[in-house]
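Colleague: What follows is a single structure, and I will ask about it in a moment.
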Amino acid sequence: MSASEIRPLRVALLGCGTVGGAVLRLISEQAHDLTARIGRPVEVAGIAVRRPAHHPDVPQHLLTTDAHALVTRDDVDLVVEVIGGIEPARTLILAAFEAGKSVVSANKALLADDGVALHAAAAKSGVDLYYEAAVAGAIPLLRPLRESLAGDQLRRVVGIVNGTTNYILSRMAETGAGFAEALAEATDLGYAEADPTADVDGFDAAAKAAILASLAFHTPVTAADVHREGISSVSATDVARAAEIGCTVKLLAICERVPNGDGDSVAVRVHPAMIPTAHPLASVGGAFNAVFVEAEAAGQLMFYGQGAGGEPTASAVLGDLVAVARNRLAGAAGQGPSGYADLAVRPMAETPTRYHVSLDVADKPGVLATVAHAFAEHGVSISTVRQNGRGDAATLVIVTHSAPDASLSATIAALRDMPAVRGVTSVLRVEGLS
Ligand code: HSE
């Protein structure tokens, strides 16, 4: 072998937090295997951080605060971006592409916002942009969608893609606690960030849903296209009502292809929903992630594992690093995602959903008829009705058939105004009921 053939592939690491630190350690610990698997040694050429003094355990000669100079250095072949956020990550990734370097990123927010432009820039430079770690941490999911299922037609991708909210909802179900109490516990145990907004309000899951939908349906979908509701209004009553009908409450990212008369569209949404306890996603507890895929030919598939954490996320980053390194040695970039289908994104108001509604009513003649009339008036068909209690303390629990979401929410608004209804005590969408 000539000297140029054995020159290591040199990696610029942007960010050295929990994930970056784990990437750095695994590259060192697995140097021998990575060399064998890639066909060339991999070494870290530099690590860009904002505050070098915060990284006493990292080889100090590798640290720099000048990330732009690092990614454009001639001796850097590949870039790993684990900074997160939109800027400066976006500018640095584009600079890496211009300099002919492939990028591995874990940056869901950036990919969900600007994936199309970033892929176009990578293709123009003939380099790779891989980001398996951006969705569901360690779970191999994006490559199966992009490659293994490339010959199939996907109908739905439904996932629990946020561990923080899954932990909170799991604790609410286990202990009967309300949202605030379960969030406080998650914060104390380190499952929730000090500022939990991105997780609790569904922003994190919405970014991941956009990425999943784009790959699943060969259609550009951004985070702004995703209907988003978080879990802060899920109550102990919602969770108890779910249990009464054999369901559990999960924050779901739902990406589906909706048949239309004049061409299919895609509907992408993140919201809490009741799912039957027999559904494969119902048993996903704690901070774990899982994604359930339905495809025409493959049928149902389930992906499960750790969706966050340094080592699990680093596993996905290193898998991508091996892939882009191999491509680089082969002298070719891998195939990026395809947006050829370019399906319209269906607004939430028109997306078919089902609701579970719990009402406090008086147990008097005509109340059920009045309530049923409100559903009928909005074109919503009722699937089941159950009454608990009697006299002044009666509760009506109604599960609807599928209807446009706007019709269901208009029905709820009408029920709230109805004198016969003392209170609408629980409203949640239902998924996966036959
Ligand atoms: N904060 C995310 C979660 C992990 O709770 O699952 C990173 O996307």
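Chain labels follow the order of the structure tokens: the first chain is A, the next B, and so on; residue numbering restarts at 1 in every chain, and ligands are counted from 1 in their shown order.
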Neighbouring residues of Pro8 in chain A were defined as those with any atom within 9 Å, considering only C-alpha atoms; residues of the same chain fewer than 4 positions away were excluded. Please report them as a PyMOL selection string.

Modeller: chain A and resi 4+35+40-43

Colleague: Ligand 1: which residues are within 8 Å, counting only C-alpha atoms and all ligand atoms? Reply as an MDAnalysis selection string.

Modeller: chainID A and resid 108 134:137 161:166 191:193 198:199 204:205 287:289 307:309

Colleague: Neighbours of Ala332 in chain A within 12 Å (only C-alpha atoms; same-chain residues fewer than 2 positions away dropped), as a list in words?

Modeller: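 Near Ala332 in chain A, the qualifying residues are Gly100, Lys101, Ser102, Ala123, Ser125, Gly126, Val127, Asp128, Ala323, Val324, Ala325, Arg326, Asn327, Arg328, Leu329, Ala330, Gly334, Gln335 and Gly336 of chain A.
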
Colleague: Would you mind listing what lies within 12 Å of Ala420 in chain A as a list in words, with only C-alpha atoms counted and same-chain residues fewer than 2 positions away left out?

Modeller: Leu359, Asp360, Val361, Ala362, Asp363, Lys364, Pro365, Gly366, Val367, Leu368, Ala369, Thr370, Val371, Ala372, Ala374, Asp392, Ala394, Thr395, Leu396, Ala414, Leu415, Arg416, Asp417, Met418, Arg422, Gly423 and Val424 of chain A

Colleague: How close does range 349-395 of chain A get to range 224-227 of chain A? List, as a tab-separated table, each residue of range 349-395 of chain A within 12 Å, its nearest atom pair and the distance in Å to one decimal, counting only C-alpha atoms.

Modeller:
```
residue	atom	partner	partner_atom	distance
A:Ala349	CA	A:His227	CA	9.6
A:Glu350	CA	A:His227	CA	11.6
A:Thr351	CA	A:His227	CA	10.2
```

Colleague: I need the residues of range 164-412 of chain A that end up classed as strand (DSSP E) by DSSP on the backbone, written out as an MDAnalysis selection string.

Modeller: chainID A and resid 227:228 247:258 265:276 288:295 299:306 344:345 352:361 382:388 394:400 403:404

Colleague: Using C-alpha atoms, can you export the residues from the last selection as a PDB file, in the first residue's frame?

Modeller:
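To be explicit, this is the file written out as out.pdb:
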```pdb
ATOM      1  CA  HIS A 227     -49.703  19.857  13.407  1.00  0.00           C
ATOM      2  CA  ARG A 228     -48.333  19.939  16.954  1.00  0.00           C
ATOM      3  CA  CYS A 247     -56.224   2.220  26.330  1.00  0.00           C
ATOM      4  CA  THR A 248     -53.137   4.108  27.363  1.00  0.00           C
ATOM      5  CA  VAL A 249     -52.148   7.704  26.544  1.00  0.00           C
ATOM      6  CA  LYS A 250     -49.052   8.324  24.395  1.00  0.00           C
ATOM      7  CA  LEU A 251     -47.622  11.325  22.594  1.00  0.00           C
ATOM      8  CA  LEU A 252     -47.667  10.066  19.017  1.00  0.00           C
ATOM      9  CA  ALA A 253     -45.947  11.336  15.894  1.00  0.00           C
ATOM     10  CA  ILE A 254     -48.277  10.204  13.120  1.00  0.00           C
ATOM     11  CA  CYS A 255     -47.267  10.414   9.461  1.00  0.00           C
ATOM     12  CA  GLU A 256     -49.799   9.011   7.028  1.00  0.00           C
ATOM     13  CA  ARG A 257     -50.615   8.921   3.385  1.00  0.00           C
ATOM     14  CA  VAL A 258     -54.264   9.911   3.021  1.00  0.00           C
ATOM     15  CA  SER A 265     -51.808  13.755   0.337  1.00  0.00           C
ATOM     16  CA  VAL A 266     -49.755  13.359   3.494  1.00  0.00           C
ATOM     17  CA  ALA A 267     -50.939  14.250   6.978  1.00  0.00           C
ATOM     18  CA  VAL A 268     -48.337  14.733   9.681  1.00  0.00           C
ATOM     19  CA  ARG A 269     -49.261  15.413  13.290  1.00  0.00           C
ATOM     20  CA  VAL A 270     -47.975  15.178  16.830  1.00  0.00           C
ATOM     21  CA  HIS A 271     -50.483  14.994  19.664  1.00  0.00           C
ATOM     22  CA  PRO A 272     -51.389  12.915  22.684  1.00  0.00           C
ATOM     23  CA  ALA A 273     -53.745  10.061  21.880  1.00  0.00           C
ATOM     24  CA  MET A 274     -55.312   7.026  23.479  1.00  0.00           C
ATOM     25  CA  ILE A 275     -54.138   3.753  21.977  1.00  0.00           C
ATOM     26  CA  PRO A 276     -55.353   0.248  22.893  1.00  0.00           C
ATOM     27  CA  PHE A 288     -37.842   4.463  25.345  1.00  0.00           C
ATOM     28  CA  ASN A 289     -38.773   5.248  21.746  1.00  0.00           C
ATOM     29  CA  ALA A 290     -40.521   3.045  19.185  1.00  0.00           C
ATOM     30  CA  VAL A 291     -41.783   3.503  15.672  1.00  0.00           C
ATOM     31  CA  PHE A 292     -44.487   1.408  14.022  1.00  0.00           C
ATOM     32  CA  VAL A 293     -44.463   1.310  10.230  1.00  0.00           C
ATOM     33  CA  GLU A 294     -47.221   0.047   7.944  1.00  0.00           C
ATOM     34  CA  ALA A 295     -46.267  -0.687   4.343  1.00  0.00           C
ATOM     35  CA  GLY A 299     -47.036  -5.169   6.361  1.00  0.00           C
ATOM     36  CA  GLN A 300     -46.391  -4.014   9.907  1.00  0.00           C
ATOM     37  CA  LEU A 301     -42.897  -3.370  11.249  1.00  0.00           C
ATOM     38  CA  MET A 302     -41.801  -2.195  14.676  1.00  0.00           C
ATOM     39  CA  PHE A 303     -38.560  -0.436  15.588  1.00  0.00           C
ATOM     40  CA  TYR A 304     -37.744  -0.099  19.299  1.00  0.00           C
ATOM     41  CA  GLY A 305     -34.865   1.129  21.429  1.00  0.00           C
ATOM     42  CA  GLN A 306     -33.188   3.998  23.204  1.00  0.00           C
ATOM     43  CA  ALA A 344     -49.558  17.963  -0.806  1.00  0.00           C
ATOM     44  CA  VAL A 345     -49.575  18.261   2.965  1.00  0.00           C
ATOM     45  CA  PRO A 352     -59.516  12.158   9.597  1.00  0.00           C
ATOM     46  CA  THR A 353     -59.245  11.435  13.342  1.00  0.00           C
ATOM     47  CA  ARG A 354     -61.340   9.802  16.083  1.00  0.00           C
ATOM     48  CA  TYR A 355     -62.163  11.328  19.452  1.00  0.00           C
ATOM     49  CA  HIS A 356     -62.875   9.997  22.920  1.00  0.00           C
ATOM     50  CA  VAL A 357     -65.076  12.476  24.812  1.00  0.00           C
ATOM     51  CA  SER A 358     -66.155  12.364  28.429  1.00  0.00           C
ATOM     52  CA  LEU A 359     -69.047  14.601  29.562  1.00  0.00           C
ATOM     53  CA  ASP A 360     -70.625  15.370  32.927  1.00  0.00           C
ATOM     54  CA  VAL A 361     -74.389  15.473  32.410  1.00  0.00           C
ATOM     55  CA  ILE A 382     -70.672   7.867  17.117  1.00  0.00           C
ATOM     56  CA  SER A 383     -69.059   4.461  17.561  1.00  0.00           C
ATOM     57  CA  THR A 384     -69.797   3.762  21.245  1.00  0.00           C
ATOM     58  CA  VAL A 385     -71.584   5.489  24.144  1.00  0.00           C
ATOM     59  CA  ARG A 386     -71.285   4.489  27.770  1.00  0.00           C
ATOM     60  CA  GLN A 387     -72.979   6.038  30.786  1.00  0.00           C
ATOM     61  CA  ASN A 388     -71.516   5.869  34.288  1.00  0.00           C
ATOM     62  CA  ALA A 394     -73.832  10.960  35.361  1.00  0.00           C
ATOM     63  CA  THR A 395     -70.907  10.740  32.953  1.00  0.00           C
ATOM     64  CA  LEU A 396     -71.289  10.046  29.245  1.00  0.00           C
ATOM     65  CA  VAL A 397     -68.266   8.566  27.508  1.00  0.00           C
ATOM     66  CA  ILE A 398     -68.416   8.710  23.728  1.00  0.00           C
ATOM     67  CA  VAL A 399     -66.001   7.326  21.149  1.00  0.00           C
ATOM     68  CA  THR A 400     -66.554   8.552  17.610  1.00  0.00           C
ATOM     69  CA  ALA A 403     -64.250  12.334  10.880  1.00  0.00           C
ATOM     70  CA  PRO A 404     -62.367  15.437   9.720  1.00  0.00           C
TER      71      PRO A 404
END
```

Colleague: Find the residues around range 22-32 of chain A up to 12 Å (only C-alpha atoms counted), leave out those fewer than 4 positions away in its own chain, and share them as an NGL selection string.

Modeller: :A and (8-18 or 36-47 or 57-59 or 62 or 80-82 or 104-106 or 133 or 309-322)

Colleague: For Thr222 in chain A, find every residue with an atom within 8 Å (counting only C-alpha atoms), except residues of its own chain fewer than 2 positions away, and show them as a list in words.

Modeller: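 Contacts, with the query itself left out: Ala112, Asp113, Asp114, Gly115, Ala207, Ala210, Ile211, Pro220, Ala224, Asp225 and Val226 of chain A.
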
Colleague: Between A:His54, A:Ala121, A:Arg155, A:Arg90, which has the minimum distance to Ala67 in chain A (counting only C-alpha atoms)?

Modeller: A:Arg90

Colleague: Could you go through range 98-165 of chain A and tell me which residues DSSP, when run on the backbone, assigns to alpha helix (DSSP H), listing them as an MDAnalysis selection string?

Modeller: chainID A and resid 98 108:125 142:143 163:165

Colleague: How many Å separate CA of Asp188 in chain A from CA of Val19 in chain A?

Modeller: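 These two atoms are separated by 21.3 Å.
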